[in-house]
Structures are given as C-alpha cells and as structure tokens.
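Listing of query32.cif, mmCIF, C-alpha atoms and all ligand atoms
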```cif
data_data
loop_
_atom_site.label_atom_id
_atom_site.label_comp_id
_atom_site.auth_asym_id
_atom_site.auth_seq_id
_atom_site.Cartn_x
_atom_site.Cartn_y
_atom_site.Cartn_z
CA MET A 85 52.05 76.07 45.43
CA THR A 86 49.90 78.90 46.64
CA THR A 87 49.09 81.97 44.57
CA ALA A 88 48.84 84.17 47.65
CA SER A 89 51.84 85.95 49.08
CA GLN A 90 53.46 83.78 51.76
CA THR A 91 54.29 86.73 54.02
CA ALA A 92 51.92 89.67 54.38
CA ALA A 93 53.63 92.80 53.07
CA PRO A 94 53.60 95.91 55.24
CA ALA A 95 52.20 99.03 53.56
CA ALA A 96 54.78 100.86 51.44
CA PRO A 97 54.69 104.58 50.56
CA ALA A 98 53.36 105.59 47.13
CA PRO A 99 55.98 106.71 44.59
CA GLN A 100 56.72 110.44 44.34
CA PRO A 101 56.48 112.19 40.94
CA SER A 102 60.24 112.85 41.08
CA ASP A 103 61.17 109.19 41.76
CA LEU A 104 63.14 107.51 39.02
CA ILE A 105 61.09 104.84 37.24
CA LEU A 106 62.79 102.37 34.93
CA ILE A 107 60.79 100.77 32.12
CA ALA A 108 62.57 97.83 30.47
CA GLY A 109 61.36 96.96 26.96
CA ALA A 110 60.18 100.55 26.49
CA GLY A 111 60.87 100.44 22.74
CA GLY A 112 58.09 97.86 22.37
CA PHE A 113 54.31 97.92 22.53
CA ILE A 114 53.38 97.71 26.23
CA GLY A 115 56.62 99.25 27.59
CA GLY A 116 56.20 102.26 25.28
CA SER A 117 52.58 102.72 26.32
CA LEU A 118 53.49 102.39 30.00
CA THR A 119 56.18 105.07 29.63
CA ARG A 120 53.60 107.40 28.08
CA TYR A 121 51.14 106.54 30.88
CA PHE A 122 53.59 107.54 33.64
CA HIS A 123 54.64 110.64 31.70
CA GLU A 124 51.00 111.75 31.42
CA ARG A 125 50.54 111.21 35.16
CA GLY A 126 53.28 113.73 35.94
CA PHE A 127 56.26 111.46 36.63
CA THR A 128 59.25 113.54 35.59
CA HIS A 129 62.10 111.08 35.98
CA LEU A 130 61.53 108.21 33.57
CA ARG A 131 64.23 105.97 32.15
CA ALA A 132 63.26 103.91 29.10
CA VAL A 133 65.49 100.99 28.09
CA ASP A 134 65.40 98.67 25.08
CA LYS A 135 67.93 96.75 23.03
CA LYS A 136 66.49 98.00 19.73
CA PRO A 137 68.19 101.01 18.13
CA LEU A 138 66.26 104.20 18.98
CA PRO A 139 64.82 104.80 15.47
CA GLN A 140 63.00 101.45 15.80
CA TRP A 141 61.23 102.26 19.07
CA TYR A 142 57.44 102.30 18.71
CA GLN A 143 57.02 105.43 20.82
CA ARG A 144 59.42 108.15 21.92
CA ILE A 145 58.19 110.42 24.67
CA PRO A 146 59.79 113.88 25.01
CA GLY A 147 61.83 114.38 28.20
CA VAL A 148 62.29 110.66 28.85
CA GLU A 149 65.84 109.33 29.22
CA CYS A 150 66.23 106.61 26.56
CA LEU A 151 68.99 104.02 26.78
CA CYS A 152 69.82 101.36 24.25
CA LEU A 153 71.00 98.37 26.33
CA ASP A 154 70.88 94.60 26.01
CA LEU A 155 69.35 93.60 29.34
CA SER A 156 70.28 89.95 28.95
CA GLU A 157 73.70 91.14 30.14
CA GLU A 158 74.42 91.68 33.81
CA THR A 159 76.41 94.91 33.44
CA ALA A 160 73.65 96.47 31.33
CA CYS A 161 71.10 95.66 34.04
CA ARG A 162 73.27 97.26 36.72
CA ARG A 163 73.52 100.42 34.61
CA ALA A 164 69.79 100.43 33.87
CA VAL A 165 68.64 100.32 37.51
CA GLU A 166 71.05 102.97 38.89
CA GLY A 167 69.02 105.27 41.15
CA ALA A 168 65.67 103.67 40.27
CA ALA A 169 62.83 103.54 42.83
CA GLU A 170 60.68 101.25 40.69
CA VAL A 171 61.50 98.80 37.89
CA TYR A 172 59.02 97.50 35.30
CA ASN A 173 60.25 94.52 33.31
CA LEU A 174 58.43 94.38 29.96
CA ALA A 175 61.50 93.31 27.97
CA ALA A 176 61.26 89.92 26.27
CA ASP A 177 61.76 88.28 22.92
CA MET A 178 58.16 87.59 22.03
CA GLY A 179 55.40 87.65 19.45
CA GLY A 180 52.12 86.01 18.51
CA MET A 181 51.61 82.25 18.08
CA GLY A 182 53.59 82.24 14.82
CA PHE A 183 56.64 83.45 16.71
CA ILE A 184 56.43 81.62 20.03
CA GLU A 185 55.71 78.23 18.46
CA ARG A 186 58.66 78.58 16.11
CA PHE A 187 61.32 80.30 18.22
CA ARG A 188 61.19 78.56 21.59
CA VAL A 189 64.89 79.00 22.28
CA GLU A 190 64.67 82.78 21.83
CA CYS A 191 61.67 82.83 24.15
CA LEU A 192 63.46 80.76 26.80
CA ARG A 193 66.52 82.99 26.61
CA SER A 194 64.43 85.92 27.89
CA ILE A 195 64.99 84.35 31.29
CA LEU A 196 68.41 86.02 31.22
CA ILE A 197 66.73 89.44 31.23
CA ASN A 198 64.65 88.87 34.34
CA THR A 199 67.40 86.95 36.11
CA HIS A 200 69.91 89.80 35.80
CA LEU A 201 67.42 92.64 36.12
CA ILE A 202 65.85 91.43 39.36
CA GLU A 203 69.26 90.79 40.93
CA ALA A 204 70.43 94.27 39.91
CA ALA A 205 67.20 95.80 41.22
CA TRP A 206 67.58 94.07 44.58
CA ARG A 207 71.25 95.12 44.87
CA ALA A 208 70.33 98.71 44.02
CA GLY A 209 67.65 98.82 46.74
CA VAL A 210 64.72 99.29 44.35
CA GLN A 211 61.39 99.69 46.17
CA ARG A 212 59.11 97.83 43.74
CA TYR A 213 59.71 95.43 40.87
CA PHE A 214 57.05 94.54 38.29
CA TYR A 215 57.23 91.48 36.04
CA ALA A 216 55.12 90.97 32.90
CA SER A 217 54.06 87.32 32.91
CA SER A 218 51.56 85.72 30.57
CA ALA A 219 48.50 83.49 30.37
CA CYS A 220 50.87 81.13 28.48
CA ALA A 221 52.14 80.15 31.95
CA TYR A 222 48.87 78.26 32.56
CA ASN A 223 48.52 74.51 32.27
CA THR A 224 47.84 73.78 28.59
CA GLU A 225 45.81 70.68 29.52
CA LEU A 226 43.06 73.03 30.73
CA GLN A 227 42.85 74.82 27.37
CA LYS A 228 41.79 72.08 24.96
CA ASP A 229 38.20 73.22 24.43
CA PRO A 230 37.12 76.44 22.68
CA GLN A 231 34.36 76.79 25.33
CA VAL A 232 37.08 76.78 27.94
CA ARG A 233 36.53 77.41 31.65
CA ALA A 234 38.18 80.76 32.41
CA LEU A 235 41.62 80.34 33.98
CA LYS A 236 42.07 81.30 37.59
CA GLU A 237 45.43 82.01 39.20
CA SER A 238 45.79 78.58 40.82
CA ASP A 239 45.48 76.89 37.39
CA ALA A 240 49.22 77.38 36.71
CA TYR A 241 49.98 74.39 38.95
CA PRO A 242 50.41 71.47 38.49
CA ALA A 243 52.51 73.03 35.74
CA MET A 244 52.29 72.19 32.03
CA ALA A 245 52.94 75.62 30.54
CA GLU A 246 53.25 76.50 26.85
CA ARG A 247 56.55 75.05 25.61
CA GLY A 248 59.39 77.61 25.64
CA TYR A 249 57.66 80.95 26.22
CA GLY A 250 55.26 79.78 28.97
CA TRP A 251 57.93 77.95 30.97
CA GLU A 252 60.18 81.00 30.88
CA LYS A 253 57.31 83.05 32.32
CA LEU A 254 56.66 80.50 35.06
CA MET A 255 60.32 80.34 36.10
CA SER A 256 60.67 84.13 36.11
CA GLU A 257 57.52 84.39 38.25
CA MET A 258 59.21 82.07 40.72
CA PHE A 259 62.31 84.28 40.79
CA CYS A 260 60.01 87.20 41.69
CA GLN A 261 58.30 85.22 44.44
CA GLU A 262 61.58 84.06 45.99
CA TYR A 263 63.24 87.50 45.83
CA TRP A 264 60.39 88.64 48.08
CA ALA A 265 60.36 85.57 50.33
CA GLU A 266 64.13 85.38 50.84
CA ARG A 267 65.41 88.88 50.17
CA GLY A 268 62.50 91.21 50.84
CA LEU A 269 62.27 92.80 47.36
CA ARG A 270 58.64 93.80 46.75
CA THR A 271 57.75 92.12 43.48
CA HIS A 272 54.47 92.26 41.54
CA ILE A 273 53.49 89.80 38.81
CA ALA A 274 50.70 90.19 36.25
CA ARG A 275 49.69 87.39 33.88
CA PHE A 276 48.63 89.31 30.77
CA HIS A 277 46.01 87.81 28.47
CA ASN A 278 46.52 88.96 24.82
CA VAL A 279 47.04 92.70 24.73
CA TYR A 280 46.14 94.74 21.63
CA GLY A 281 45.79 98.36 20.59
CA PRO A 282 47.49 101.21 18.71
CA ASN A 283 51.31 101.36 18.74
CA GLY A 284 51.65 97.59 18.76
CA THR A 285 53.26 95.20 16.27
CA TRP A 286 50.96 94.84 13.25
CA ASP A 287 53.14 93.17 10.60
CA GLY A 288 56.39 91.21 10.19
CA GLY A 289 55.62 87.89 11.93
CA ARG A 290 55.44 88.87 15.61
CA GLU A 291 51.96 90.46 15.50
CA LYS A 292 49.07 88.93 17.41
CA ALA A 293 45.63 87.94 16.11
CA PRO A 294 43.69 91.26 16.43
CA ALA A 295 46.41 93.26 14.62
CA ALA A 296 46.99 90.50 12.04
CA ILE A 297 43.28 90.22 11.20
CA CYS A 298 42.85 94.01 10.94
CA ARG A 299 45.86 94.20 8.62
CA LYS A 300 44.60 91.34 6.45
CA VAL A 301 41.18 92.99 6.07
CA ILE A 302 42.84 96.31 5.17
CA GLU A 303 45.11 94.53 2.65
CA ALA A 304 42.16 92.68 1.11
CA ILE A 305 40.29 95.97 0.63
CA ASP A 306 43.35 97.71 -0.79
CA ARG A 307 44.28 94.86 -3.16
CA LYS A 308 40.66 94.02 -3.97
CA THR A 309 41.29 90.30 -3.41
CA GLY A 310 37.90 89.67 -1.75
CA LYS A 311 39.37 86.97 0.51
CA ILE A 312 41.15 86.49 3.82
CA GLN A 313 43.39 83.72 5.14
CA ILE A 314 42.74 82.56 8.70
CA TRP A 315 45.11 80.45 10.82
CA GLY A 316 43.36 77.28 12.03
CA ASP A 317 39.63 76.68 11.62
CA GLY A 318 38.65 79.96 13.30
CA THR A 319 36.91 78.27 16.25
CA GLN A 320 39.80 79.06 18.64
CA THR A 321 38.66 81.42 21.38
CA ARG A 322 40.57 84.08 23.29
CA SER A 323 40.00 87.21 25.33
CA PHE A 324 41.77 90.41 24.31
CA MET A 325 42.70 93.30 26.60
CA TYR A 326 42.91 96.86 25.30
CA ILE A 327 46.25 98.57 25.95
CA ASP A 328 44.76 101.38 28.11
CA ASP A 329 43.36 98.77 30.52
CA CYS A 330 46.72 97.00 30.54
CA VAL A 331 48.82 100.01 31.63
CA LEU A 332 46.26 101.11 34.22
CA GLY A 333 46.18 97.55 35.56
CA ILE A 334 50.00 97.41 35.81
CA ASP A 335 49.94 100.59 37.92
CA LYS A 336 47.14 99.29 40.18
CA ILE A 337 48.80 95.89 40.67
CA THR A 338 52.25 97.32 41.40
CA HIS A 339 50.90 99.66 44.05
CA CYS A 340 48.73 97.16 45.87
CA ASP A 341 50.29 95.83 49.10
CA ARG A 342 48.07 92.73 48.99
CA LEU A 343 49.60 91.73 45.67
CA VAL A 344 53.26 91.46 46.64
CA ALA A 345 54.76 88.30 45.06
CA THR A 346 51.26 87.16 44.08
CA PRO A 347 50.64 86.39 40.38
CA ILE A 348 47.33 87.82 39.18
CA ASN A 349 45.41 87.72 35.90
CA LEU A 350 45.39 90.96 33.95
CA GLY A 351 43.06 90.35 31.05
CA SER A 352 39.59 90.85 29.66
CA SER A 353 36.96 88.21 30.40
CA GLU A 354 35.12 88.87 27.11
CA LEU A 355 35.62 85.63 25.17
CA ILE A 356 35.54 85.77 21.36
CA SER A 357 36.33 83.26 18.60
CA VAL A 358 38.74 84.08 15.80
CA ASN A 359 35.80 83.77 13.36
CA ASP A 360 33.87 86.44 15.29
CA LEU A 361 37.00 88.60 15.44
CA VAL A 362 37.16 88.43 11.62
CA SER A 363 33.46 89.37 11.37
CA LEU A 364 34.04 92.38 13.62
CA ALA A 365 37.05 93.56 11.59
CA GLU A 366 35.03 93.11 8.37
CA GLU A 367 32.23 95.18 9.87
CA ILE A 368 34.62 97.97 10.86
CA GLY A 369 36.20 97.89 7.38
CA GLY A 370 32.77 97.74 5.68
CA VAL A 371 33.55 94.59 3.70
CA LYS A 372 32.66 90.88 3.54
CA LEU A 373 35.47 88.52 2.56
CA LYS A 374 35.69 84.88 1.52
CA ARG A 375 37.44 82.93 4.28
CA GLU A 376 40.28 80.53 3.56
CA TYR A 377 41.29 78.42 6.54
CA GLN A 378 44.95 77.41 6.88
CA LEU A 379 44.66 74.29 8.97
CA ASP A 380 48.43 73.69 9.18
CA ALA A 381 49.23 77.20 10.48
CA PRO A 382 50.02 77.82 14.19
CA ARG A 383 46.79 78.17 16.17
CA GLY A 384 47.83 77.82 19.82
CA VAL A 385 45.52 76.35 22.46
CA ALA A 386 41.85 75.76 21.57
CA GLY A 387 40.50 78.26 24.06
CA ARG A 388 41.67 80.65 26.77
CA ASN A 389 39.90 83.18 28.94
CA SER A 390 40.72 85.16 32.07
CA ASP A 391 38.87 84.45 35.33
CA ASN A 392 38.71 87.90 36.93
CA THR A 393 37.28 86.90 40.32
CA PHE A 394 40.57 87.61 42.12
CA ILE A 395 41.36 90.98 40.52
CA LYS A 396 37.81 92.21 41.16
CA GLN A 397 38.06 91.10 44.75
CA VAL A 398 41.45 92.74 45.42
CA LEU A 399 41.27 95.86 43.26
CA GLY A 400 37.52 96.32 42.76
CA TRP A 401 38.38 96.73 39.08
CA GLU A 402 38.96 94.67 35.92
CA PRO A 403 39.86 95.50 32.32
CA HIS A 404 36.58 96.66 30.81
CA THR A 405 37.07 98.24 27.37
CA PRO A 406 34.53 96.50 25.08
CA PHE A 407 36.42 94.56 22.40
CA ARG A 408 34.35 96.16 19.64
CA ASP A 409 35.46 99.68 20.73
CA GLY A 410 39.12 98.77 21.21
CA LEU A 411 39.27 96.91 17.89
CA ALA A 412 37.76 99.87 16.01
CA LYS A 413 40.51 102.16 17.36
CA THR A 414 43.17 99.58 16.56
CA TYR A 415 41.83 99.06 13.03
CA ARG A 416 41.90 102.80 12.28
CA TRP A 417 45.46 103.06 13.62
CA ILE A 418 46.66 100.13 11.47
CA GLU A 419 44.86 101.60 8.46
CA ASP A 420 46.83 104.80 9.01
CA GLN A 421 50.10 102.85 9.40
CA TYR A 422 49.35 100.95 6.19
CA ARG A 423 48.83 104.21 4.28
CA ARG A 424 51.98 105.72 5.75
CA ARG A 425 53.99 102.72 4.63
CA GLN A 426 52.59 103.00 1.11
CA GLN A 427 53.68 106.65 1.10
CA GLY A 428 57.17 105.71 2.26
CA GLN A 429 56.74 107.31 5.69
CA PRO A 430 58.12 105.72 8.91
CA THR A 431 55.82 103.22 10.64
CA VAL A 432 55.70 101.01 13.74
CA GLU A 433 56.45 97.38 12.85
P1 LIG B 501 57.19 93.84 22.38
O1 LIG B 501 57.92 92.82 21.58
O2 LIG B 501 56.44 94.90 21.65
O3 LIG B 501 58.18 94.53 23.42
C1 LIG B 501 59.21 93.86 24.06
C2 LIG B 501 60.45 94.72 23.94
O4 LIG B 501 61.52 94.09 24.67
C3 LIG B 501 60.95 94.89 22.50
O5 LIG B 501 60.98 96.25 22.14
C4 LIG B 501 62.33 94.26 22.51
O6 LIG B 501 63.25 94.93 21.68
C5 LIG B 501 62.70 94.38 23.97
N1 LIG B 501 63.77 93.44 24.32
C6 LIG B 501 63.87 92.13 23.97
N2 LIG B 501 65.01 91.61 24.44
C7 LIG B 501 65.64 92.62 25.10
C8 LIG B 501 66.87 92.70 25.78
N3 LIG B 501 67.70 91.65 25.85
N4 LIG B 501 67.23 93.88 26.32
C9 LIG B 501 66.42 94.97 26.23
N5 LIG B 501 65.24 94.94 25.57
C10 LIG B 501 64.85 93.78 25.03
O7 LIG B 501 56.22 93.01 23.34
P2 LIG B 501 55.01 93.52 24.25
O8 LIG B 501 53.75 93.05 23.63
O9 LIG B 501 55.18 94.96 24.55
O10 LIG B 501 55.26 92.63 25.55
C11 LIG B 501 55.83 93.16 26.75
C12 LIG B 501 55.86 92.08 27.82
O11 LIG B 501 54.54 91.61 28.08
C13 LIG B 501 56.69 90.85 27.44
O12 LIG B 501 57.32 90.34 28.59
C14 LIG B 501 55.63 89.87 26.97
O13 LIG B 501 56.05 88.53 27.10
C15 LIG B 501 54.50 90.20 27.94
N6 LIG B 501 53.20 89.77 27.41
C16 LIG B 501 52.65 90.42 26.33
C17 LIG B 501 51.42 90.01 25.83
C18 LIG B 501 50.78 90.68 24.65
O14 LIG B 501 49.67 90.28 24.27
N7 LIG B 501 51.40 91.66 24.02
C19 LIG B 501 50.74 88.94 26.44
C20 LIG B 501 51.33 88.31 27.53
C21 LIG B 501 52.55 88.74 28.03
#
```
What is this file in structure tokens?
Amino acid sequence: MTTASQTAAPAAPAPQPSDLILIAGAGGFIGGSLTRYFHERGFTHLRAVDKKPLPQWYQRIPGVECLCLDLSEETACRRAVEGAAEVYNLAADMGGMGFIERFRVECLRSILINTHLIEAAWRAGVQRYFYASSACAYNTELQKDPQVRALKESDAYPAMAERGYGWEKLMSEMFCQEYWAERGLRTHIARFHNVYGPNGTWDGGREKAPAAICRKVIEAIDRKTGKIQIWGDGTQTRSFMYIDDCVLGIDKITHCDRLVATPINLGSSELISVNDLVSLAEEIGGVKLKREYQLDAPRGVAGRNSDNTFIKQVLGWEPHTPFRDGLAKTYRWIEDQYRRRQQGQPTVE
C-alpha cells in the first residue's frame, strides 16, 4: 500500500465563490467551523447538512442553506449533493475515548455515510470530495509508548487500527482512493489528530480531553472541591490541533493537486502529556487541584503524535497554533458556556 496517489492528477480549476459547497456534519464542531470559514472567505452558496435537529447545531451561519438529513441513507445523500461542486464529509458518529471505546458499532456504522455520500457525489459530477479521517486509523502497535515516535502516513499499513472507529476510517479512506483510481472522482483525505477549540463538544460524554479537562477545572473552581479526576495515570501523550488550523488545513489539502487520493496527517506536532494539559488548564484558571487518577477509565493508546514531514513538504505549511494559546481561548469559551448553562441560556453540548 502506498500513501502517494497512484495516478498523477492533472491541475483542476479553483472553486468560484458562487460554486455550491456542501458541508456534511455541519451541525457539529469541525463542520460548523468549516462552514463559517467558507462563509468568511466570500463563498455565497453553502449547503450545510446534519442529522441533528436545527436547534441543536453548534453554529448557524446567516445565509447558509441548512438541511436536516440522515446521510446514512442513500436518498438523503442524493438530495444533499444536488448541484454541488465540492463535498466535505465531516459527518460521523464520534466522540472522545469514552465514546469510541464504548460504542464501536455506532462508530462502524458511520461507514454508511461515506459509502452513500461518495457514490452520490460521483454520480452528481462533483469536482472535489473531502473525507475527514483520523489518526485512529494508524497501527495501534506503534502507539504503546508515551514517548512515541511521531506517526507518518505510511504507518497505517500493515493495518491494526483502533477497533471500530479506526477501521471505519481506514475503509472509508480506501473508498476515496478507489473512487479516484477507478472512477476519476478527485478525493482528498486528511487524518486529523485531536482537534479542539471553541464551539466544540465540552460536556455530555463525547467531549475530548482538552475540553473535558477545562470543564473539570472550571467545575472544581465553581464547586470549590479542590480536586480533579483524571482518566488513566496522566502519562498518556497526544498532540492537539486548534480548530483554526484544522479548517485552513482542510482547504489547503482539498485544493492541492498533489494530494488527490493521498491520505495526509493534519495535526499539531507539539506533544503534551495529559498531566501537563491539566497543569496548563490549572494555570489558565488560576488554581491548583488535587489529582485523582481513575486507572480503570478509558485512556486510549499510550502516546500519539503527528509526523508533519509530508505536509510541510507538499504545502510548505503545518498547523502551528501554540497549544497554550489555543487552550486559553478554549478555556474562556467553555467558562462562558458553563455560566450560560447556569443561567438557563442555550449552550453548545
Ligand atoms: P461532531 O460530533 O462535532 O460532528 C459530527 C456531526 O456529524 C454531528 O453534528 C452529527 O450529528 C453529524 N452526523 C452523524 N451522523 C450523521 C448522519 N447519519 N447524517 C448526517 N449527519 C450526521 O464531530 P467533529 O469533531 O466535528 O468531527 C468531524 C469529523 O472529523 C468526523 O468524521 C470525525 O470522525 C473526524 N475527526 C475528528 C477529530 C476531532 O478531534 N474532533 C479527530 C479525528 C477525526
């Protein structure tokens, strides 16, 4: 298995501001932020689709066509792609470790979304198709040490992905690669490494570590408990990518002819342990808490980082927001959400 595109793609024209762009999963964290990103760049014809009822969408952008459709169904996918020049698939049943370790069937069933959406996109003559893959597609055998070697694109094979969620990502990547190889649909695949930032899930069981830790620190301050519960022993390491880097990276990857049907890391290469993440959140909140380690809680792989050699080589760019800066913004946003909830106002959850 090679990570490079088998057939060199000829140059394709850039999208026009009036082209119809479909964002699937736009009621969620990254899809909502991507919709806002395109809107702010002057794209006037955006279609946002999610299965959640509209009042539950994390962001609603004025002037954007919003459709409530279940994209695991073929007819819904056909409707969603009508007239679209570009399709961005960010729809999936997902969450942090607590969710993906517990609900593997739900994670696997997201394969229905990509399977129907890519077929509909190809039939409708879409020019570009983006798929949101994940670092969970990488071989778990390579992630057993907190001081892990950063993962490069070829490390997905031989395959031993994360059970459920990671295998779904790997199979959907392959769909994207074969739709290009056999049918000529220009597909682009990014393997995201933990994305965080404002307008993301911060409570309810699907949130990821940065949001969960910020919320726990805020709760501890509010309830004056003086302590914090941490999943695992806190030595697990990860890299975290700020949402602004993520949406910019999606745009760059999708409009790069060298990256057709070629999975690429989209992540920060700044490695941090969960213990250091807690210290940073404590510093931002101006508090020091007693740590209680929950050794039987989900903790995921021991360590994971993004090797950014390839993205720097192809795009001359990599996600670069310092974690300290991104976490401070995220913390303040969650603090605001927390207050709003206490006052009975609507929040993102
Ligand atoms: P999210 O849960 O906030 O958003 C996903 C959205 O997809 C949700 O709003 C959900 O309602 C929607 N959805 C689920 N099933 C659907 C269906 N059948 N039809 C229509 N909509 C449906 O998640 P996110 O963090 O924004 O993730 C977006 C994508 O990026 C997902 O594919 C995810 O696997 C991938 N990813 C995210 C991260 C991360 O750290 N957030 C890391 C790696 C990969």
Next on the checklist: Would you pick out the contacts of Glu166 in chain A at 8 Å or less, using only C-alpha atoms, so that residues sharing its chain but fewer than 3 positions from it are not included, and give the list as a list in words?
Outcome noted: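 The filter keeps Arg162, Arg163 and Ala208 of chain A.
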Next on the checklist: Using all atoms listed in the file for the distances, tell me which of A:Lys236, A:His277, A:Arg193, A:His200 is nearest to ligand LIG 501 (chain B).
Outcome noted: A:His277
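For the choices A:Val385, A:Leu151, A:Cys298, A:Ile312, the atom-to-atom distance to ligand LIG 501 (chain B) is smallest for A:Leu151 when using all atoms listed in the file.
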Next on the checklist: Excluding range 318-320 of chain A and its own-chain neighbours fewer than 4 positions away, which residues fall within 8 Å of it when counting only C-alpha atoms? Please give them as a PyMOL selection string.
Outcome noted: chain A and resi 230+314+357-359+377+383+385-387
Item to check | Trp251 in chain A environment, 8 Å, only C-alpha atoms, sequence neighbours closer than 5 positions dropped, as JSON, numbers by chain | outcome: {"A": [192, 221, 245, 246]}
Checklist entry - Quick one: residues within 8 Å of ligand LIG 501 (chain B), with only C-alpha atoms and all ligand atoms, as number ranges by chain? => result A: 108-116, 133-136, 141-142, 152-157, 173-180, 194, 196-197, 215-220, 249, 253, 275-280, 284-285, 290, 292, 324-325
Got time to write the residues from that selection, C-alpha atoms, as a compact mmCIF listing (two decimals), in the coordinates of the input?
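Output saved as result-v3.txt:
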```
# COMPACT_ATOMS: atom_id res chain seq x y z
CA ALA A 108 62.57 97.83 30.47
CA GLY A 109 61.36 96.96 26.96
CA ALA A 110 60.18 100.55 26.49
CA GLY A 111 60.87 100.44 22.74
CA GLY A 112 58.09 97.86 22.37
CA PHE A 113 54.31 97.92 22.53
CA ILE A 114 53.38 97.71 26.23
CA GLY A 115 56.62 99.25 27.59
CA GLY A 116 56.20 102.26 25.28
CA VAL A 133 65.49 100.99 28.09
CA ASP A 134 65.40 98.67 25.08
CA LYS A 135 67.93 96.75 23.03
CA LYS A 136 66.49 98.00 19.73
CA TRP A 141 61.23 102.26 19.07
CA TYR A 142 57.44 102.30 18.71
CA CYS A 152 69.82 101.36 24.25
CA LEU A 153 71.00 98.37 26.33
CA ASP A 154 70.88 94.60 26.01
CA LEU A 155 69.35 93.60 29.34
CA SER A 156 70.28 89.95 28.95
CA GLU A 157 73.70 91.14 30.14
CA ASN A 173 60.25 94.52 33.31
CA LEU A 174 58.43 94.38 29.96
CA ALA A 175 61.50 93.31 27.97
CA ALA A 176 61.26 89.92 26.27
CA ASP A 177 61.76 88.28 22.92
CA MET A 178 58.16 87.59 22.03
CA GLY A 179 55.40 87.65 19.45
CA GLY A 180 52.12 86.01 18.51
CA SER A 194 64.43 85.92 27.89
CA LEU A 196 68.41 86.02 31.22
CA ILE A 197 66.73 89.44 31.23
CA TYR A 215 57.23 91.48 36.04
CA ALA A 216 55.12 90.97 32.90
CA SER A 217 54.06 87.32 32.91
CA SER A 218 51.56 85.72 30.57
CA ALA A 219 48.50 83.49 30.37
CA CYS A 220 50.87 81.13 28.48
CA TYR A 249 57.66 80.95 26.22
CA LYS A 253 57.31 83.05 32.32
CA ARG A 275 49.69 87.39 33.88
CA PHE A 276 48.63 89.31 30.77
CA HIS A 277 46.01 87.81 28.47
CA ASN A 278 46.52 88.96 24.82
CA VAL A 279 47.04 92.70 24.73
CA TYR A 280 46.14 94.74 21.63
CA GLY A 284 51.65 97.59 18.76
CA THR A 285 53.26 95.20 16.27
CA ARG A 290 55.44 88.87 15.61
CA LYS A 292 49.07 88.93 17.41
CA PHE A 324 41.77 90.41 24.31
CA MET A 325 42.70 93.30 26.60
```
Next on the checklist: Residues within 8 Å of Gly333 in chain A, please, as a ChimeraX atom specification. Count only C-alpha atoms; anything in the same chain fewer than 6 positions from it doesn't count.
Outcome noted: /A:350,402-403
Can you spit out the residues from that selection as an mmCIF file, in the coordinates of the input, using C-alpha atoms?
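This is the output file again00.cif:
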```cif
data_model
loop_
_atom_site.group_PDB
_atom_site.id
_atom_site.type_symbol
_atom_site.label_atom_id
_atom_site.label_comp_id
_atom_site.auth_asym_id
_atom_site.auth_seq_id
_atom_site.Cartn_x
_atom_site.Cartn_y
_atom_site.Cartn_z
ATOM 1 C CA LEU A 350 45.390 90.960 33.950
ATOM 2 C CA GLU A 402 38.960 94.670 35.920
ATOM 3 C CA PRO A 403 39.860 95.500 32.320
#
```
Checklist entry - Which residues, protein or nucleic acid, reach to within 9 Å of (57.5, 110.4, 23.8) in the file's coordinates when using all atoms listed in the file, and can you give that as a PyMOL selection string? => result chain A and resi 116+119-120+123+143-148
Next on the checklist: Residues near Gln227 in chain A, anyone? I mean within 10 Å using all atoms listed in the file, not counting same-chain ones fewer than 2 positions away, as a ChimeraX atom specification.
Outcome noted: /A:222-225,229-235,321,384-389
Checklist entry - Residues around (57.4, 87.0, 41.2), cut-off 12 Å, counting all atoms listed in the file - what are they as number ranges by chain? => result A: 87-90, 173, 198-199, 202, 212-217, 253-266, 268-275, 338, 343-348
Keeping C-alpha atoms for every residue in the selection just given, could you write it to a file as a PDB file, in the coordinates of the input?
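Once written, result28.pdb looks like this:
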```pdb
ATOM      1  CA  THR A  87      49.090  81.970  44.570  1.00  0.00           C
ATOM      2  CA  ALA A  88      48.840  84.170  47.650  1.00  0.00           C
ATOM      3  CA  SER A  89      51.840  85.950  49.080  1.00  0.00           C
ATOM      4  CA  GLN A  90      53.460  83.780  51.760  1.00  0.00           C
ATOM      5  CA  ASN A 173      60.250  94.520  33.310  1.00  0.00           C
ATOM      6  CA  ASN A 198      64.650  88.870  34.340  1.00  0.00           C
ATOM      7  CA  THR A 199      67.400  86.950  36.110  1.00  0.00           C
ATOM      8  CA  ILE A 202      65.850  91.430  39.360  1.00  0.00           C
ATOM      9  CA  ARG A 212      59.110  97.830  43.740  1.00  0.00           C
ATOM     10  CA  TYR A 213      59.710  95.430  40.870  1.00  0.00           C
ATOM     11  CA  PHE A 214      57.050  94.540  38.290  1.00  0.00           C
ATOM     12  CA  TYR A 215      57.230  91.480  36.040  1.00  0.00           C
ATOM     13  CA  ALA A 216      55.120  90.970  32.900  1.00  0.00           C
ATOM     14  CA  SER A 217      54.060  87.320  32.910  1.00  0.00           C
ATOM     15  CA  LYS A 253      57.310  83.050  32.320  1.00  0.00           C
ATOM     16  CA  LEU A 254      56.660  80.500  35.060  1.00  0.00           C
ATOM     17  CA  MET A 255      60.320  80.340  36.100  1.00  0.00           C
ATOM     18  CA  SER A 256      60.670  84.130  36.110  1.00  0.00           C
ATOM     19  CA  GLU A 257      57.520  84.390  38.250  1.00  0.00           C
ATOM     20  CA  MET A 258      59.210  82.070  40.720  1.00  0.00           C
ATOM     21  CA  PHE A 259      62.310  84.280  40.790  1.00  0.00           C
ATOM     22  CA  CYS A 260      60.010  87.200  41.690  1.00  0.00           C
ATOM     23  CA  GLN A 261      58.300  85.220  44.440  1.00  0.00           C
ATOM     24  CA  GLU A 262      61.580  84.060  45.990  1.00  0.00           C
ATOM     25  CA  TYR A 263      63.240  87.500  45.830  1.00  0.00           C
ATOM     26  CA  TRP A 264      60.390  88.640  48.080  1.00  0.00           C
ATOM     27  CA  ALA A 265      60.360  85.570  50.330  1.00  0.00           C
ATOM     28  CA  GLU A 266      64.130  85.380  50.840  1.00  0.00           C
ATOM     29  CA  GLY A 268      62.500  91.210  50.840  1.00  0.00           C
ATOM     30  CA  LEU A 269      62.270  92.800  47.360  1.00  0.00           C
ATOM     31  CA  ARG A 270      58.640  93.800  46.750  1.00  0.00           C
ATOM     32  CA  THR A 271      57.750  92.120  43.480  1.00  0.00           C
ATOM     33  CA  HIS A 272      54.470  92.260  41.540  1.00  0.00           C
ATOM     34  CA  ILE A 273      53.490  89.800  38.810  1.00  0.00           C
ATOM     35  CA  ALA A 274      50.700  90.190  36.250  1.00  0.00           C
ATOM     36  CA  ARG A 275      49.690  87.390  33.880  1.00  0.00           C
ATOM     37  CA  THR A 338      52.250  97.320  41.400  1.00  0.00           C
ATOM     38  CA  LEU A 343      49.600  91.730  45.670  1.00  0.00           C
ATOM     39  CA  VAL A 344      53.260  91.460  46.640  1.00  0.00           C
ATOM     40  CA  ALA A 345      54.760  88.300  45.060  1.00  0.00           C
ATOM     41  CA  THR A 346      51.260  87.160  44.080  1.00  0.00           C
ATOM     42  CA  PRO A 347      50.640  86.390  40.380  1.00  0.00           C
ATOM     43  CA  ILE A 348      47.330  87.820  39.180  1.00  0.00           C
TER      44      ILE A 348
END
```
